[in-house]
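Shown here: start36.cif, mmCIF, C-alpha atoms.
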data_coords
#
loop_
_atom_site.label_atom_id
_atom_site.label_comp_id
_atom_site.auth_asym_id
_atom_site.auth_seq_id
_atom_site.Cartn_x
_atom_site.Cartn_y
_atom_site.Cartn_z
CA MET A 800 237.32 -70.13 -62.42
CA ASP A 801 235.59 -73.02 -64.15
CA PHE A 802 235.97 -76.75 -63.46
CA PHE A 803 234.77 -79.84 -65.24
CA PHE A 804 234.72 -83.32 -63.80
CA LYS A 805 233.30 -86.65 -64.90
CA ASN A 806 232.93 -90.22 -63.62
CA LYS A 807 232.13 -89.02 -60.13
CA ARG A 808 228.91 -88.99 -58.16
CA ILE A 809 227.35 -88.16 -54.84
CA SER A 810 226.29 -91.48 -53.33
CA GLY A 811 224.83 -90.33 -50.03
CA ILE A 812 223.93 -87.28 -47.96
CA LEU A 813 223.32 -87.22 -44.23
CA THR A 814 222.39 -84.09 -42.29
CA ILE A 815 222.90 -84.01 -38.55
CA LEU A 816 220.94 -81.40 -36.58
CA PRO A 817 221.00 -80.41 -32.92
CA GLN A 818 217.91 -81.49 -30.98
CA LYS A 819 217.30 -78.06 -29.50
CA ALA A 820 215.00 -75.79 -31.53
CA VAL A 821 214.63 -72.13 -30.54
CA LYS A 822 211.64 -70.10 -31.70
CA PHE A 823 212.07 -66.62 -33.18
CA GLU A 824 209.35 -65.28 -30.86
CA ASP A 825 211.31 -66.39 -27.80
CA GLU A 826 214.30 -64.28 -28.80
CA MET A 827 212.47 -61.18 -30.06
CA VAL A 828 212.68 -59.51 -26.67
CA ASN A 829 216.47 -59.25 -27.07
CA TYR A 830 216.23 -57.14 -30.22
CA ASN A 831 215.92 -53.38 -30.39
CA PHE A 832 212.69 -53.63 -32.43
CA SER A 833 209.03 -53.30 -31.62
CA PRO A 834 207.23 -56.69 -31.55
CA ALA A 835 205.19 -55.63 -34.60
CA LYS A 836 208.32 -54.82 -36.60
CA SER A 837 209.96 -58.06 -35.52
CA MET A 838 206.96 -60.02 -36.75
CA LYS A 839 207.15 -58.26 -40.14
CA LEU A 840 210.81 -59.14 -40.29
CA LYS A 841 209.97 -62.75 -39.46
CA LEU A 842 207.51 -62.93 -42.37
CA ALA A 843 209.79 -61.22 -44.90
CA MET A 844 212.91 -63.20 -44.03
CA GLY A 845 211.21 -66.49 -43.29
CA TYR A 846 212.48 -66.74 -39.72
CA ASN A 847 210.69 -69.24 -37.53
CA GLU A 848 212.95 -71.49 -35.52
CA HIS A 849 216.57 -72.50 -35.58
CA ARG A 850 218.59 -75.40 -34.23
CA ILE A 851 221.20 -74.64 -31.60
CA ALA A 852 223.90 -77.00 -30.33
CA ALA A 853 223.96 -77.86 -26.64
CA PRO A 854 226.71 -76.22 -24.57
CA GLY A 855 229.99 -78.00 -25.17
CA GLN A 856 228.96 -79.64 -28.45
CA THR A 857 231.39 -78.89 -31.26
CA SER A 858 231.21 -79.30 -35.01
CA SER A 859 233.29 -82.46 -34.86
CA ASP A 860 230.87 -84.01 -32.34
CA PHE A 861 228.14 -83.81 -34.97
CA CYS A 862 230.46 -85.27 -37.61
CA ARG A 863 231.48 -88.10 -35.29
CA PHE A 864 227.86 -88.91 -34.47
CA GLY A 865 226.91 -88.88 -38.14
CA LEU A 866 229.74 -91.08 -39.34
CA GLN A 867 229.05 -93.57 -36.54
CA TYR A 868 225.40 -93.64 -37.68
CA LEU A 869 226.52 -94.51 -41.22
CA ILE A 870 228.82 -97.24 -39.91
CA ASP A 871 226.15 -98.70 -37.62
CA ASN A 872 223.65 -98.77 -40.47
CA LYS A 873 226.19 -100.34 -42.83
CA LEU A 874 226.02 -97.37 -45.19
CA ILE A 875 229.79 -96.99 -45.30
CA GLU A 876 232.83 -99.07 -44.47
CA LEU A 877 235.78 -97.36 -42.88
CA GLU A 878 238.39 -99.16 -45.02
CA GLU A 879 236.98 -97.60 -48.19
CA ILE A 880 237.52 -93.98 -47.06
CA ASP A 881 240.48 -92.56 -49.00
CA ALA A 882 240.00 -88.90 -48.11
CA LEU A 883 238.37 -87.01 -45.32
CA LEU A 884 237.51 -83.33 -45.82
CA PHE A 885 236.32 -81.15 -42.96
CA VAL A 886 234.90 -77.82 -44.17
CA SER A 887 234.13 -75.54 -41.28
CA GLN A 888 234.74 -72.23 -39.53
CA SER A 889 234.51 -73.83 -36.10
CA PRO A 890 237.36 -76.32 -35.73
CA ASP A 891 238.08 -78.05 -32.43
CA TYR A 892 241.59 -76.59 -32.22
CA PHE A 893 243.93 -74.21 -34.04
CA MET A 894 246.08 -77.32 -34.33
CA PRO A 895 245.80 -80.17 -35.20
CA PRO A 896 243.30 -80.24 -38.07
CA THR A 897 239.88 -81.47 -36.97
CA SER A 898 239.88 -83.92 -39.89
CA ASN A 899 242.90 -85.59 -38.28
CA VAL A 900 241.06 -85.74 -34.95
CA LEU A 901 238.17 -87.49 -36.71
CA HIS A 902 240.60 -89.76 -38.53
CA GLY A 903 242.07 -90.78 -35.17
CA HIS A 904 238.71 -91.34 -33.54
CA PHE A 905 237.65 -93.80 -36.24
CA HIS A 906 241.09 -95.42 -36.60
CA LEU A 907 241.05 -94.82 -40.33
CA LYS A 908 243.80 -96.28 -42.50
CA GLN A 909 247.03 -94.33 -42.93
CA ASP A 910 246.50 -94.13 -46.69
CA CYS A 911 243.78 -91.55 -46.18
CA ILE A 912 244.33 -87.87 -46.83
CA CYS A 913 242.82 -85.47 -44.27
CA MET A 914 242.20 -81.81 -45.03
CA ASP A 915 240.55 -78.98 -43.13
CA ILE A 916 239.15 -76.19 -45.25
CA ASN A 917 238.14 -72.92 -43.62
CA GLN A 918 235.08 -71.90 -45.59
CA GLY A 919 231.53 -70.86 -44.80
CA CYS A 920 228.52 -70.31 -47.00
CA ALA A 921 230.14 -71.72 -50.17
CA GLY A 922 231.72 -74.56 -48.21
CA PHE A 923 229.60 -77.30 -49.75
CA GLU A 924 230.54 -76.31 -53.29
CA LEU A 925 234.22 -75.81 -52.44
CA GLY A 926 234.19 -79.16 -50.64
CA LEU A 927 232.66 -80.89 -53.66
CA ILE A 928 235.23 -79.30 -55.97
CA GLN A 929 238.05 -80.44 -53.68
CA ALA A 930 236.55 -83.93 -53.46
CA CYS A 931 236.40 -84.17 -57.26
CA LEU A 932 239.99 -82.92 -57.58
CA LEU A 933 241.10 -85.68 -55.22
CA LEU A 934 239.01 -88.27 -57.06
CA ASP A 935 240.95 -87.46 -60.23
CA GLN A 936 243.81 -89.33 -58.55
CA PRO A 937 243.98 -93.12 -59.07
CA ALA A 938 244.53 -93.70 -55.33
CA VAL A 939 241.35 -91.96 -54.28
CA LYS A 940 238.04 -93.76 -54.86
CA LYS A 941 235.84 -92.47 -52.09
CA VAL A 942 235.80 -89.14 -50.24
CA VAL A 943 233.92 -88.31 -47.06
CA LEU A 944 233.02 -84.63 -47.10
CA PHE A 945 232.09 -83.13 -43.75
CA ASN A 946 230.46 -79.71 -43.69
CA ALA A 947 229.94 -78.57 -40.15
CA ASP A 948 229.50 -75.40 -38.17
CA VAL A 949 228.60 -74.62 -34.59
CA LEU A 950 228.80 -70.85 -34.63
CA SER A 951 225.85 -70.01 -32.37
CA PRO A 952 228.13 -69.48 -29.34
CA LYS A 953 229.87 -66.76 -31.33
CA VAL A 954 226.71 -64.79 -32.09
CA SER A 955 225.47 -62.14 -29.68
CA SER A 956 221.94 -62.77 -28.47
CA ARG A 957 221.31 -59.02 -28.94
CA ASP A 958 222.33 -58.97 -32.61
CA ARG A 959 219.19 -59.03 -34.72
CA ASN A 960 221.29 -59.07 -37.90
CA SER A 961 222.63 -62.54 -37.19
CA LYS A 962 220.98 -64.19 -34.21
CA PRO A 963 217.57 -65.02 -35.76
CA LEU A 964 219.13 -66.80 -38.69
CA ILE A 965 222.13 -68.64 -37.27
CA GLY A 966 221.86 -72.40 -36.99
CA ASP A 967 224.21 -75.19 -36.01
CA ALA A 968 224.44 -78.38 -38.06
CA ALA A 969 226.68 -80.82 -39.89
CA SER A 970 226.40 -82.90 -43.02
CA ILE A 971 228.25 -85.85 -44.46
CA THR A 972 228.35 -86.23 -48.22
CA ILE A 973 229.92 -89.25 -49.84
CA VAL A 974 231.55 -88.49 -53.17
CA GLU A 975 232.99 -91.35 -55.18
CA LYS A 976 234.13 -92.57 -58.56
CA CYS A 977 231.57 -94.11 -60.89
CA ASN A 978 231.50 -95.74 -64.31
CA GLU A 979 228.86 -93.40 -65.71
CA GLU A 980 230.19 -90.19 -67.24
CA ASN A 981 227.94 -87.98 -65.08
CA PRO A 982 229.37 -84.59 -66.12
CA ILE A 983 229.86 -82.07 -63.32
CA TYR A 984 230.20 -78.38 -64.16
CA ALA A 985 231.47 -76.12 -61.42
CA ASN A 986 232.74 -72.60 -60.97
CA ILE A 987 234.04 -70.54 -58.10
CA LYS A 988 235.05 -66.93 -57.58
CA MET A 989 236.66 -65.08 -54.69
CA ASP A 990 236.92 -61.43 -53.69
CA GLY A 991 239.17 -61.04 -50.69
CA SER A 992 238.66 -57.28 -50.65
CA GLY A 993 235.40 -58.10 -48.89
CA ALA A 994 236.95 -60.62 -46.51
CA LEU A 995 235.88 -58.79 -43.36
CA VAL A 996 232.28 -58.20 -44.38
CA LEU A 997 231.51 -61.40 -42.47
CA ASN A 998 233.96 -62.06 -39.67
CA ILE A 999 234.73 -62.73 -36.04
CA PRO A 1000 237.23 -59.98 -35.17
CA ALA A 1001 238.82 -61.53 -32.07
CA GLY A 1002 239.94 -64.99 -31.04
CA GLY A 1003 242.60 -65.66 -33.66
CA PHE A 1004 246.27 -64.77 -33.64
CA ARG A 1005 245.63 -61.27 -35.03
CA LEU A 1006 243.53 -60.25 -32.03
CA PRO A 1007 243.45 -62.85 -29.26
CA SER A 1008 240.37 -62.92 -27.03
CA SER A 1009 240.76 -60.88 -23.86
CA PRO A 1010 238.52 -59.11 -21.35
CA GLU A 1011 238.63 -56.08 -23.69
CA THR A 1012 237.42 -58.03 -26.70
CA ALA A 1013 234.48 -59.32 -24.64
CA ILE A 1014 233.09 -55.82 -23.99
CA MET A 1015 229.68 -55.39 -25.61
CA GLU A 1016 229.31 -52.37 -27.87
CA GLU A 1017 226.26 -50.92 -29.61
CA ASP A 1018 226.33 -50.36 -33.36
CA ALA A 1019 224.46 -47.68 -35.31
CA ALA A 1020 221.45 -49.98 -35.76
CA GLY A 1021 221.11 -50.75 -32.05
CA ASN A 1022 222.69 -54.20 -32.07
CA PHE A 1023 225.01 -55.17 -29.23
CA ARG A 1024 228.01 -57.36 -29.85
CA SER A 1025 231.63 -57.72 -28.76
CA LYS A 1026 234.74 -58.34 -30.82
CA ASP A 1027 234.46 -62.00 -29.84
CA ASN A 1028 231.14 -62.17 -31.70
CA LEU A 1029 230.36 -62.80 -35.33
CA VAL A 1030 229.64 -59.60 -37.22
CA MET A 1031 227.81 -59.49 -40.53
CA GLN A 1032 227.47 -56.32 -42.56
CA GLY A 1033 224.06 -57.38 -43.82
CA ASP A 1034 223.65 -54.67 -46.46
CA GLU A 1035 227.04 -55.42 -47.98
CA VAL A 1036 226.33 -59.14 -48.06
CA PHE A 1037 222.91 -58.61 -49.62
CA ASN A 1038 224.29 -56.35 -52.33
CA PHE A 1039 227.16 -58.73 -53.06
CA VAL A 1040 224.78 -61.66 -53.48
CA GLN A 1041 222.37 -59.79 -55.74
CA ARG A 1042 225.25 -58.44 -57.85
CA GLU A 1043 227.36 -61.57 -58.24
CA VAL A 1044 225.13 -64.63 -57.98
CA PRO A 1045 222.80 -64.13 -60.98
CA PRO A 1046 225.70 -63.68 -63.46
CA MET A 1047 227.41 -66.72 -61.96
CA ILE A 1048 224.33 -68.89 -62.51
CA GLU A 1049 223.84 -67.49 -66.02
CA HIS A 1050 227.45 -68.44 -66.70
CA LEU A 1051 226.80 -71.95 -65.36
CA PHE A 1052 223.93 -72.35 -67.84
CA GLU A 1053 226.33 -71.46 -70.66
CA GLN A 1054 229.17 -73.55 -69.25
CA SER A 1055 227.01 -76.67 -68.93
CA GLY A 1056 224.77 -76.11 -71.93
CA ILE A 1057 221.83 -76.89 -69.67
CA ASP A 1058 218.79 -74.68 -70.03
CA ARG A 1059 217.37 -73.13 -66.85
CA ASN A 1060 214.05 -74.85 -67.50
CA ASN A 1061 215.71 -78.26 -67.55
CA VAL A 1062 217.04 -77.92 -64.02
CA ASP A 1063 214.82 -79.82 -61.60
CA TRP A 1064 215.91 -78.05 -58.44
CA TYR A 1065 218.00 -75.07 -57.50
CA MET A 1066 219.54 -75.91 -54.17
CA PHE A 1067 221.00 -72.64 -52.97
CA HIS A 1068 222.59 -71.48 -49.75
CA GLN A 1069 219.88 -70.30 -47.36
CA PRO A 1070 220.48 -66.83 -45.91
CA ASN A 1071 216.81 -65.81 -45.88
CA LYS A 1072 213.62 -66.17 -47.91
CA PHE A 1073 213.65 -62.60 -49.21
CA MET A 1074 217.10 -62.92 -50.73
CA LEU A 1075 216.28 -66.25 -52.38
CA HIS A 1076 213.03 -64.95 -53.85
CA LYS A 1077 214.90 -62.00 -55.34
CA LEU A 1078 217.46 -64.35 -56.89
CA ALA A 1079 214.69 -66.53 -58.33
CA ASP A 1080 212.96 -63.53 -59.91
CA LYS A 1081 216.18 -62.19 -61.36
CA LEU A 1082 217.07 -65.58 -62.83
CA ARG A 1083 213.52 -66.05 -64.19
CA ILE A 1084 213.15 -69.27 -62.25
CA PRO A 1085 209.86 -70.21 -60.54
CA ARG A 1086 210.27 -69.54 -56.82
CA GLU A 1087 209.04 -73.08 -56.11
CA LYS A 1088 212.18 -74.45 -57.77
CA ILE A 1089 214.43 -72.74 -55.21
CA PRO A 1090 213.41 -74.14 -51.84
CA ALA A 1091 213.70 -71.38 -49.23
CA ASN A 1092 212.59 -73.30 -46.16
CA ILE A 1093 215.84 -74.12 -44.38
CA VAL A 1094 216.44 -70.88 -42.48
CA GLU A 1095 212.77 -71.07 -41.47
CA ASN A 1096 212.97 -74.56 -40.02
CA PHE A 1097 216.57 -75.04 -38.96
CA GLY A 1098 218.55 -71.80 -39.38
CA ASN A 1099 221.50 -70.96 -41.56
CA ALA A 1100 224.42 -73.27 -40.77
CA SER A 1101 226.85 -71.86 -43.36
CA GLY A 1102 228.08 -74.58 -45.73
CA VAL A 1103 225.60 -77.11 -44.36
CA THR A 1104 222.52 -75.38 -45.78
CA VAL A 1105 222.73 -76.87 -49.28
CA PRO A 1106 222.96 -80.53 -48.17
CA THR A 1107 220.25 -79.82 -45.56
CA CYS A 1108 218.10 -78.34 -48.31
CA ILE A 1109 218.59 -81.47 -50.41
CA SER A 1110 217.90 -83.85 -47.52
CA PHE A 1111 214.86 -81.94 -46.27
CA ASN A 1112 213.20 -81.26 -49.61
CA LEU A 1113 214.04 -84.38 -51.59
CA GLY A 1114 214.37 -87.10 -48.94
CA ASN A 1115 213.67 -90.54 -50.36
CA GLN A 1116 213.00 -89.12 -53.82
CA LEU A 1117 216.76 -88.95 -54.20
CA ILE A 1118 217.06 -92.66 -53.37
CA ASN A 1119 214.46 -93.71 -55.94
CA GLY A 1120 215.18 -91.20 -58.69
CA GLU A 1121 217.64 -88.74 -60.15
CA PHE A 1122 217.49 -84.96 -60.51
CA GLN A 1123 219.38 -82.27 -62.37
CA LEU A 1124 220.56 -80.02 -59.58
CA CYS A 1125 222.00 -76.54 -59.70
CA MET A 1126 223.70 -75.86 -56.37
CA ALA A 1127 225.13 -72.54 -55.23
CA GLY A 1128 226.82 -71.09 -52.19
CA PHE A 1129 227.80 -67.47 -51.49
CA GLY A 1130 229.10 -65.53 -48.55
CA VAL A 1131 232.17 -65.56 -46.31
CA GLY A 1132 235.36 -64.74 -48.10
CA LEU A 1133 233.81 -63.30 -50.15
CA THR A 1134 233.27 -66.51 -52.07
CA TRP A 1135 230.63 -67.58 -54.55
CA SER A 1136 230.41 -70.91 -56.29
CA SER A 1137 227.93 -73.01 -58.23
CA ILE A 1138 227.72 -76.58 -59.47
CA MET A 1139 225.50 -78.25 -62.07
CA MET A 1140 225.25 -82.02 -61.79
CA LYS A 1141 222.83 -84.90 -61.69
CA VAL A 1142 222.30 -86.42 -58.28
CA GLY A 1143 220.24 -89.52 -57.66
CA TYR A 1144 219.90 -93.19 -56.75
CA VAL A 1145 221.87 -92.42 -53.60
CA LYS A 1146 222.22 -94.93 -50.78
CA PHE A 1147 220.90 -92.48 -48.19
CA ASN A 1148 219.54 -88.95 -47.94
CA ASP A 1149 218.51 -88.52 -44.34
CA ILE A 1150 218.26 -86.05 -41.50
CA ILE A 1151 219.08 -87.23 -38.00
CA GLU A 1152 219.31 -85.44 -34.67
CA PHE A 1153 222.16 -85.43 -32.19
CA MET B 1464 200.87 -43.07 -56.68
CA LYS B 1465 202.68 -40.63 -54.43
CA LYS B 1466 199.88 -40.86 -51.87
CA GLN B 1467 199.98 -44.64 -52.06
CA ILE B 1468 203.73 -44.67 -51.37
CA ILE B 1469 203.35 -42.34 -48.39
CA LYS B 1470 200.59 -44.60 -47.07
CA ILE B 1471 202.82 -47.67 -47.36
CA LEU B 1472 205.70 -45.86 -45.66
CA THR B 1473 203.47 -44.62 -42.87
CA GLU B 1474 202.15 -48.12 -42.24
CA LEU B 1475 205.74 -49.31 -41.94
CA ARG B 1476 206.87 -46.54 -39.59
CA PRO B 1477 203.80 -44.75 -38.20
CA GLU B 1478 205.94 -42.61 -35.90
CA PHE B 1479 207.33 -40.57 -38.83
CA ASP B 1480 205.86 -38.06 -41.26
CA PHE B 1481 206.82 -39.19 -44.77
CA SER B 1482 204.96 -36.39 -46.52
CA GLN B 1483 207.77 -33.93 -45.77
CA GLU B 1484 209.77 -33.13 -48.85
CA SER B 1485 213.55 -32.56 -48.73
CA VAL B 1486 213.97 -35.12 -45.95
CA ASP B 1487 216.31 -38.05 -46.52
CA PHE B 1488 214.50 -41.02 -44.94
CA ILE B 1489 217.71 -43.02 -44.60
CA GLU B 1490 219.93 -40.26 -43.22
CA GLU B 1491 217.23 -39.22 -40.78
CA GLY B 1492 216.89 -42.79 -39.52
CA MET B 1493 213.27 -43.05 -40.62
CA LEU B 1494 213.99 -46.23 -42.60
CA ASP B 1495 216.59 -48.90 -41.82
CA SER B 1496 217.64 -51.84 -43.93
CA PHE B 1497 214.90 -54.08 -42.53
CA ASP B 1498 212.31 -51.43 -43.33
CA MET B 1499 213.66 -51.45 -46.88
CA VAL B 1500 213.07 -55.21 -47.07
CA ASN B 1501 209.49 -54.81 -45.88
CA LEU B 1502 209.00 -51.83 -48.19
CA VAL B 1503 210.21 -53.80 -51.21
CA ASN B 1504 207.83 -56.63 -50.32
CA GLU B 1505 204.95 -54.15 -50.07
CA LEU B 1506 205.83 -52.41 -53.35
CA ASP B 1507 206.28 -55.76 -55.15
CA THR B 1508 202.86 -56.92 -53.97
CA THR B 1509 201.03 -53.63 -54.49
CA TYR B 1510 202.30 -53.04 -58.02
CA CYS B 1511 202.75 -56.71 -59.10
CA ILE B 1512 206.45 -56.22 -59.83
CA SER B 1513 209.73 -57.65 -58.58
CA ILE B 1514 212.23 -54.92 -57.81
CA ASP B 1515 215.67 -56.09 -58.90
CA GLY B 1516 217.89 -57.05 -55.96
CA VAL B 1517 220.71 -54.84 -57.26
CA ASP B 1518 218.40 -51.83 -56.93
CA ILE B 1519 217.77 -52.40 -53.24
CA LEU B 1520 220.12 -49.61 -52.25
CA PRO B 1521 219.53 -46.82 -49.69
CA GLU B 1522 219.57 -44.09 -52.35
CA ASN B 1523 216.56 -45.65 -54.08
CA PHE B 1524 214.46 -45.36 -50.92
CA SER B 1525 215.70 -42.08 -49.49
CA THR B 1526 212.74 -39.96 -50.67
CA VAL B 1527 209.30 -40.45 -52.16
CA GLU B 1528 210.69 -39.13 -55.46
CA ALA B 1529 213.44 -41.77 -55.43
CA ILE B 1530 210.88 -44.52 -54.80
CA LEU B 1531 208.73 -43.15 -57.63
CA LYS B 1532 211.71 -43.31 -59.99
CA LEU B 1533 212.39 -46.88 -58.96
CA LEU B 1534 208.79 -47.84 -59.62
CA GLU B 1535 208.92 -46.14 -63.01
CA LYS B 1536 212.05 -48.14 -63.82
CA ASN B 1537 209.98 -51.23 -63.09
CA GLY B 1538 207.26 -50.18 -65.49
CA VAL B 1539 204.83 -48.72 -62.96
CA LYS B 1540 203.08 -45.61 -64.27
#
Spell out the structure here as structure tokens.
Amino acid sequence: MDFFFKNKRISGILTILPQKAVKFEDEMVNYNFSPAKSMKLKLAMGYNEHRIAAPGQTSSDFCRFGLQYLIDNKLIELEEIDALLFVSQSPDYFMPPTSNVLHGHFHLKQDCICMDINQGCAGFELGLIQACLLLDQPAVKKVVLFNADVLSPKVSSRDRNSKPLIGDAASITIVEKCNEENPIYANIKMDGSGALVLNIPAGGFRLPSSPETAIMEEDAAGNFRSKDNLVMQGDEVFNFVQREVPPMIEHLFEQSGIDRNNVDWYMFHQPNKFMLHKLADKLRIPREKIPANIVENFGNASGVTVPTCISFNLGNQLINGEFQLCMAGFGVGLTWSSIMMKVGYVKFNDIIEF
Amino acid sequence: MKKQIIKILTELRPEFDFSQESVDFIEEGMLDSFDMVNLVNELDTTYCISIDGVDILPENFSTVEAILKLLEKNGVK
């Protein structure tokens, strides 16, 4: 499904990371691999260290800290927030929506729409699309988009498929109306037949957590996890990404009329270095144009990886200049989405720690 | 080239004998998905190619013959 928007822009990006960094080498002992094989895996995938939230910290804590930082630094005024989107797979409660909890904490005005969206790896793109849809309304001038996930407590420490790459983080992206046309081309696709390829089997209404769901079981590859843990069928995810993402990006080139060589940066979701290099080669894009350093430095925090990639790799360059960005997310759902737009002259593009 | 492939495989998993014919490396548990990742990296580097991501499937790495076919598909002779 294709979308087109205009007269909207990203005016600021803030990434909020946990202070605690865990090294890959410190966790290797938990995996059913020889140290030599683990080190090869580290090199191929780009694993190094990942950020893990402190016990008790939730996704909304990171969002709260980040928004307070923006307020304290006079980078946003609460009265101007017309919509608050919280895109996450780790809400505070089943009910109420975490966006409403955040709304209450900051005493936002009543004329402010709050929405929680359950989405993972394509959560930044889906959030941007939703923000733009809202901004098409006269009453909405500024949207605060939270992407946040603290999923590390749901990942088994003995699961080498997921543990080395998982990261916790949040981001705040301000999306607002602007006078410039600033065309935004977006697309998104879903395939629910693969919905359980990435999932947490227990803990919802379908299978509530119980002593039985907490029992650790070994899979065919020697990983140990319970039904309370996140499970990723890595091969299925890899094949899905390699099959669906290149045609989606090719379509985005056609949709936008923008040549691949005229894109300054490809800011893609960050599952691992190997997967991103394969996508770059397939798309005939220099690998240097697709930064693949987020899983290496911070871990994969689902929908937060793209804003983290922008903050980490562009920093102040995004305050002083403008870039043609091609952004893409792919994973949970299964969902895959991409956006072509210019981003620049933002008020902030920072990384802070909480 | 066959010898080179067996050498690469043996370096990846020295505990197995990859020179045996009629053995399925995947079914026999001699290669797992992470070995395939490392193998693709080695083949890409050795032969200056980039194996297409859609071809990174177990059946393309199950025997030396299958790997040879994959390399041929990528222009390696």
task: Could you give me, as a VMD selection string, the residues that sit within 9 Å of (224.5, -58.9, -43.0) in the file's coordinates, counting only C-alpha atoms?
output: chain A and resid 960 to 961 996 to 997 1030 to 1037
task: Please indicate the distance in Å from CA of Leu1117 (chain A) to CA of Ala820 (chain A), rounded to one decimal place.
output: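 Pair CA of Leu1117 (chain A) / CA of Ala820 (chain A) returns 26.3 Å.
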List every residue of chain A that has an atom at most 9 Å from any atom of chain B, giving for each one its closest atom pair and the distance in Å to one decimal, counting only C-alpha atoms, sorted by chain and then by ascending residue number, as CSV.
residue,atom,partner,partner_atom,distance
A:Lys836,CA,B:Leu1475,CA,8.1
A:Lys839,CA,B:Asn1501,CA,7.1
A:Leu840,CA,B:Phe1497,CA,6.9
A:Ala843,CA,B:Asn1501,CA,6.5
A:Met844,CA,B:Val1500,CA,8.6
A:Ala1020,CA,B:Asp1495,CA,7.8
A:Gly1033,CA,B:Ser1496,CA,8.5
A:Asp1034,CA,B:Ser1496,CA,7.1
A:Phe1037,CA,B:Gly1516,CA,8.2
A:Asn1038,CA,B:Val1517,CA,6.3
A:Phe1039,CA,B:Val1517,CA,8.6
A:Val1040,CA,B:Gly1516,CA,8.7
A:Gln1041,CA,B:Gly1516,CA,5.3
A:Arg1042,CA,B:Val1517,CA,5.8
A:Phe1073,CA,B:Val1500,CA,7.7
A:Met1074,CA,B:Gly1516,CA,7.9
A:Lys1077,CA,B:Gly1516,CA,5.8
A:Leu1078,CA,B:Gly1516,CA,7.4
A:Asp1080,CA,B:Ser1513,CA,6.8
A:Lys1081,CA,B:Asp1515,CA,6.6
- request: Give as a list of chain:residue names every residue, naming chains and numbers as the document does, that has an atom within 6 Å of (223.9, -92.2, -42.5), counting all atoms listed in the file.
  value: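 Those within range, by chain then number, are A:Leu813, A:Tyr868, A:Leu869.
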query: What is the CA of Lys940 (chain A)-CA of Gly1143 (chain A) distance in Å, reported with one decimal?
result: 18.5 Å
- request: Would you mind telling me which residue in A:Gly845, A:Cys1125, A:Gln1069, A:Glu1087 lies nearest to Ile1057 (chain A) when using only C-alpha atoms?
  value: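 That would be A:Cys1125, the residue with the smallest distance to Ile1057 (chain A).
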As lines of an AutoDock Vina configuration file, please: the centre and edge lengths in Å, to one decimal, of an axis-aligned box enclosing every listed atom of region 1146-1150 of chain A with 3 Å added on each side.
center_x = 220.2
center_y = -90.5
center_z = -46.1
size_x = 10.0
size_y = 14.9
size_z = 15.3
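Interatomic distance, CA of Ile1014 (chain A) against CA of Leu1029 (chain A): 13.6 Å.
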- prompt: Taking the file as shown, what set of residues would the PyMOL selection byres ((chain A and resi 992) around 12) give back, as a VMD selection string?
  reply: chain A and resid 989 to 991 993 to 997 1039 1131 to 1134
- line: Phe1488 (chain B) proximity check over B:Glu1535, B:Glu1474, B:Glu1528, B:Glu1505, using all atoms listed in the file: winner is B:Glu1528
task: Could you state which residues are captured by the PyMOL selection byres ((chain B and resi 1467) around 12) in this file, as a list in words?
output: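 Checking the PyMOL selection byres ((chain B and resi 1467) around 12) against this file, the residues are Met1464, Lys1465, Lys1466, Ile1468, Ile1469, Lys1470, Ile1471, Leu1472, Thr1473, Glu1474, Phe1481, Ser1482, Glu1505, Leu1506, Thr1509, Tyr1510, Val1527, Ile1530 and Leu1531 of chain B.
On the file presented, the PyMOL selection byres ((chain A and resi 945) around 7) picks out Cys862, Leu884, Phe885, Val886, Val943, Leu944, Asn946, Ala947, Ser970, Ile971 and Thr972 of chain A.
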message: My list of candidates is A:His1068, A:Lys1146, A:Arg957, A:Lys1088. Which is closest to Gly919 (chain A) when distances are computed with all atoms listed in the file?
response: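 Selected residue with least distance to Gly919 (chain A): A:His1068.
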message: If we count only C-alpha atoms and set the cut-off at 9 Å, which residues sit around region 831-835 of chain A, ignoring sequence neighbours fewer than 6 positions away in its own chain? Please answer as an MDAnalysis selection string.
response: chainID A and resid 824 957:959 1020:1022
field: Contact residues around Asn981 (chain A) with all atoms listed in the file at 9 Å, ignoring same-chain residues under 4 positions, as a count of residues only
entry: 9
- request: Just the residues within 8 Å of Val1145 (chain A), please, counting all atoms listed in the file, with nothing from its chain fewer than 6 positions along; format it as an MDAnalysis selection string.
  value: chainID A and resid 809:812 1117:1119
